[in-house]
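File shown: start-v6.pdb. Contents: PDB, C-alpha atoms.
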```
ATOM      1  CA  MET A   1     -18.348  -3.161 -23.179  1.00  0.00           C
ATOM      2  CA  ALA A   2     -20.002  -4.871 -20.225  1.00  0.00           C
ATOM      3  CA  ASP A   3     -18.578  -4.717 -16.702  1.00  0.00           C
ATOM      4  CA  VAL A   4     -19.545  -8.283 -15.773  1.00  0.00           C
ATOM      5  CA  ILE A   5     -19.489 -11.523 -17.694  1.00  0.00           C
ATOM      6  CA  GLU A   6     -21.562 -14.243 -16.077  1.00  0.00           C
ATOM      7  CA  ILE A   7     -21.341 -17.831 -17.257  1.00  0.00           C
ATOM      8  CA  ASN A   8     -23.909 -20.430 -16.266  1.00  0.00           C
ATOM      9  CA  VAL A   9     -21.809 -23.438 -15.299  1.00  0.00           C
ATOM     10  CA  SER A  10     -24.620 -25.863 -16.117  1.00  0.00           C
ATOM     11  CA  THR A  11     -25.444 -24.624 -19.604  1.00  0.00           C
ATOM     12  CA  GLY A  12     -22.338 -22.646 -20.520  1.00  0.00           C
ATOM     13  CA  GLU A  13     -24.585 -19.700 -21.427  1.00  0.00           C
ATOM     14  CA  ARG A  14     -22.774 -16.367 -21.258  1.00  0.00           C
ATOM     15  CA  THR A  15     -24.445 -13.167 -20.110  1.00  0.00           C
ATOM     16  CA  ASP A  16     -22.795  -9.750 -20.365  1.00  0.00           C
ATOM     17  CA  ARG A  17     -24.106  -6.985 -18.126  1.00  0.00           C
ATOM     18  CA  ASP A  18     -23.126  -3.759 -16.419  1.00  0.00           C
ATOM     19  CA  TYR A  19     -22.679  -3.478 -12.660  1.00  0.00           C
ATOM     20  CA  THR A  20     -25.835  -2.598 -10.768  1.00  0.00           C
ATOM     21  CA  GLN A  21     -25.825   0.553  -8.647  1.00  0.00           C
ATOM     22  CA  ALA A  22     -25.839  -1.635  -5.522  1.00  0.00           C
ATOM     23  CA  GLU A  23     -22.697  -3.433  -6.766  1.00  0.00           C
ATOM     24  CA  LYS A  24     -21.007  -0.113  -7.528  1.00  0.00           C
ATOM     25  CA  ASP A  25     -21.926   1.200  -4.071  1.00  0.00           C
ATOM     26  CA  ALA A  26     -20.596  -1.962  -2.402  1.00  0.00           C
ATOM     27  CA  MET A  27     -17.274  -1.704  -4.272  1.00  0.00           C
ATOM     28  CA  GLU A  28     -16.918   1.947  -3.310  1.00  0.00           C
ATOM     29  CA  ALA A  29     -17.728   1.198   0.337  1.00  0.00           C
ATOM     30  CA  SER A  30     -15.135  -1.580   0.463  1.00  0.00           C
ATOM     31  CA  LYS A  31     -12.261   0.696  -0.591  1.00  0.00           C
ATOM     32  CA  PRO A  32      -9.957   1.645   2.280  1.00  0.00           C
ATOM     33  CA  SER A  33     -10.159   5.220   3.512  1.00  0.00           C
ATOM     34  CA  THR A  34      -7.212   7.583   3.317  1.00  0.00           C
ATOM     35  CA  GLU A  35      -6.671   7.119   7.063  1.00  0.00           C
ATOM     36  CA  GLU A  36      -6.608   3.330   6.639  1.00  0.00           C
ATOM     37  CA  LYS A  37      -4.102   3.639   3.785  1.00  0.00           C
ATOM     38  CA  TRP A  38      -1.832   5.849   5.922  1.00  0.00           C
ATOM     39  CA  ALA A  39      -2.075   3.359   8.796  1.00  0.00           C
ATOM     40  CA  THR A  40      -0.967   0.566   6.465  1.00  0.00           C
ATOM     41  CA  ILE A  41       1.935   2.667   5.188  1.00  0.00           C
ATOM     42  CA  ARG A  42       3.044   3.551   8.723  1.00  0.00           C
ATOM     43  CA  ASN A  43       2.875  -0.122   9.761  1.00  0.00           C
ATOM     44  CA  LYS A  44       5.061  -1.179   6.826  1.00  0.00           C
ATOM     45  CA  ARG A  45       7.439   1.708   7.541  1.00  0.00           C
ATOM     46  CA  ASP A  46       7.688   0.686  11.208  1.00  0.00           C
ATOM     47  CA  VAL A  47       8.581  -2.879  10.218  1.00  0.00           C
ATOM     48  CA  LEU A  48      11.280  -1.649   7.831  1.00  0.00           C
ATOM     49  CA  LEU A  49      12.721   0.626  10.534  1.00  0.00           C
ATOM     50  CA  ALA A  50      12.697  -2.199  13.077  1.00  0.00           C
ATOM     51  CA  ARG A  51      14.603  -4.440  10.650  1.00  0.00           C
ATOM     52  CA  CYS A  52      17.484  -1.969  10.537  1.00  0.00           C
ATOM     53  CA  ASP A  53      17.411  -0.712  14.145  1.00  0.00           C
ATOM     54  CA  TRP A  54      20.587  -2.677  14.821  1.00  0.00           C
ATOM     55  CA  TRP A  55      22.413  -0.244  12.520  1.00  0.00           C
ATOM     56  CA  ALA A  56      21.984   2.397  15.224  1.00  0.00           C
ATOM     57  CA  SER A  57      23.704   0.340  17.942  1.00  0.00           C
ATOM     58  CA  SER A  58      26.102   2.337  20.056  1.00  0.00           C
ATOM     59  CA  ASP A  59      29.074   0.249  18.909  1.00  0.00           C
ATOM     60  CA  LEU A  60      28.353   0.775  15.185  1.00  0.00           C
ATOM     61  CA  THR A  61      28.635   3.785  12.931  1.00  0.00           C
ATOM     62  CA  MET A  62      25.946   4.104  10.276  1.00  0.00           C
ATOM     63  CA  SER A  63      27.003   5.001   6.764  1.00  0.00           C
ATOM     64  CA  ASP A  64      25.536   8.074   5.114  1.00  0.00           C
ATOM     65  CA  ALA A  65      23.364   5.782   2.975  1.00  0.00           C
ATOM     66  CA  GLN A  66      22.005   3.977   6.045  1.00  0.00           C
ATOM     67  CA  THR A  67      21.285   7.284   7.784  1.00  0.00           C
ATOM     68  CA  ALA A  68      19.538   8.633   4.677  1.00  0.00           C
ATOM     69  CA  TYR A  69      17.468   5.441   4.338  1.00  0.00           C
ATOM     70  CA  ARG A  70      16.236   5.612   7.937  1.00  0.00           C
ATOM     71  CA  LYS A  71      15.464   9.332   7.587  1.00  0.00           C
ATOM     72  CA  ALA A  72      13.525   8.689   4.371  1.00  0.00           C
ATOM     73  CA  LEU A  73      11.486   6.002   6.149  1.00  0.00           C
ATOM     74  CA  ARG A  74      10.735   8.328   9.054  1.00  0.00           C
ATOM     75  CA  ASP A  75       9.710  11.068   6.592  1.00  0.00           C
ATOM     76  CA  LEU A  76       7.286   8.879   4.581  1.00  0.00           C
ATOM     77  CA  PRO A  77       4.157  10.295   6.261  1.00  0.00           C
ATOM     78  CA  THR A  78       5.069  13.758   4.964  1.00  0.00           C
ATOM     79  CA  GLN A  79       4.422  12.646   1.376  1.00  0.00           C
ATOM     80  CA  SER A  80       1.169  14.066   0.070  1.00  0.00           C
ATOM     81  CA  ASP A  81      -0.205  11.306  -2.184  1.00  0.00           C
ATOM     82  CA  VAL A  82      -1.174   8.219  -0.204  1.00  0.00           C
ATOM     83  CA  ASP A  83      -1.744   6.295  -3.451  1.00  0.00           C
ATOM     84  CA  ASN A  84       1.712   7.066  -4.841  1.00  0.00           C
ATOM     85  CA  ILE A  85       4.254   6.552  -2.057  1.00  0.00           C
ATOM     86  CA  THR A  86       7.938   6.599  -2.981  1.00  0.00           C
ATOM     87  CA  TRP A  87       9.646   3.986  -0.838  1.00  0.00           C
ATOM     88  CA  PRO A  88      13.394   4.407  -0.284  1.00  0.00           C
ATOM     89  CA  SER A  89      15.795   1.687  -1.407  1.00  0.00           C
ATOM     90  CA  LYS A  90      17.639  -0.132   1.345  1.00  0.00           C
ATOM     91  CA  PRO A  91      21.393   0.355   1.036  1.00  0.00           C
TER
END
```
Using structure tokens, write down the structure that the file contains.
Amino acid sequence: MADVIEINVSTGERTDRDYTQAEKDAMEASKPSTEEKWATIRNKRDVLLARCDWWASSDLTMSDAQTAYRKALRDLPTQSDVDNITWPSKP
């Protein structure tokens, strides 16, 4: 099975071909690094924490579920597989 299907829009002619090595190299180079993936995860985590910061106001008492959720968010970077992050569910 071919990687690429090219269709000439003028003639409708279809050409099936495999990726060239240069195309494969370009796709590999465009993938984010592990460090970039962790940065993205931390940014998302920081946004989620900021959205529930009000729970920790001095005049409120967080439920156990809220406390566990915030702890799970803070602990996300300790997970080992950057491509398979388990995000906690917001209570």
| field | Expansion of the PyMOL selection byres ((chain A and resi 68-82) around 9) into residues, as a VMD selection string | value | chain A and resid 34 37 to 38 41 to 42 45 to 46 48 to 49 52 to 53 63 to 67 83 to 91
| Atomic separation - atom CA of Ala26 of chain A relative to atom CA of Asp3 of chain A, Å |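 Separating atom CA of Asp3 of chain A from atom CA of Ala26 of chain A is a distance of 14.7 Å.
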| field | Selection dump of the PyMOL selection byres ((chain A and resi 19) around 12), as a ChimeraX atom specification | value | /A:1-6,16-18,20-27
Residues from last step as file, C-alpha atoms, as a PDB file, in the coordinates of the input:
```pdb
ATOM      1  CA  MET A   1     -18.348  -3.161 -23.179  1.00  0.00           C
ATOM      2  CA  ALA A   2     -20.002  -4.871 -20.225  1.00  0.00           C
ATOM      3  CA  ASP A   3     -18.578  -4.717 -16.702  1.00  0.00           C
ATOM      4  CA  VAL A   4     -19.545  -8.283 -15.773  1.00  0.00           C
ATOM      5  CA  ILE A   5     -19.489 -11.523 -17.694  1.00  0.00           C
ATOM      6  CA  GLU A   6     -21.562 -14.243 -16.077  1.00  0.00           C
ATOM      7  CA  ASP A  16     -22.795  -9.750 -20.365  1.00  0.00           C
ATOM      8  CA  ARG A  17     -24.106  -6.985 -18.126  1.00  0.00           C
ATOM      9  CA  ASP A  18     -23.126  -3.759 -16.419  1.00  0.00           C
ATOM     10  CA  THR A  20     -25.835  -2.598 -10.768  1.00  0.00           C
ATOM     11  CA  GLN A  21     -25.825   0.553  -8.647  1.00  0.00           C
ATOM     12  CA  ALA A  22     -25.839  -1.635  -5.522  1.00  0.00           C
ATOM     13  CA  GLU A  23     -22.697  -3.433  -6.766  1.00  0.00           C
ATOM     14  CA  LYS A  24     -21.007  -0.113  -7.528  1.00  0.00           C
ATOM     15  CA  ASP A  25     -21.926   1.200  -4.071  1.00  0.00           C
ATOM     16  CA  ALA A  26     -20.596  -1.962  -2.402  1.00  0.00           C
ATOM     17  CA  MET A  27     -17.274  -1.704  -4.272  1.00  0.00           C
TER      18      MET A  27
END
```
| Which value, in Å to one decimal, gives the distance between atom CA of Ile7 of chain A and atom CA of Ala29 of chain A? |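 If I compute the distance from atom CA of Ile7 of chain A to atom CA of Ala29 of chain A, I get 26.2 Å.
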| request: May I ask for the distance between atom CA of Val47 of chain A and atom CA of Ser30 of chain A, given in Å to one decimal place? | output: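 Pair atom CA of Val47 of chain A / atom CA of Ser30 of chain A returns 25.7 Å.
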Report, as JSON, the centre and edge lengths in Å (one decimal) of the axis-aligned box enclosing every listed atom of segment 25-39 of chain A, padded by 3 Å on each side.
```
{"center_x": -11.9, "center_y": 2.8, "center_z": 2.3, "size_x": 26.1, "size_y": 15.5, "size_z": 19.1}
```
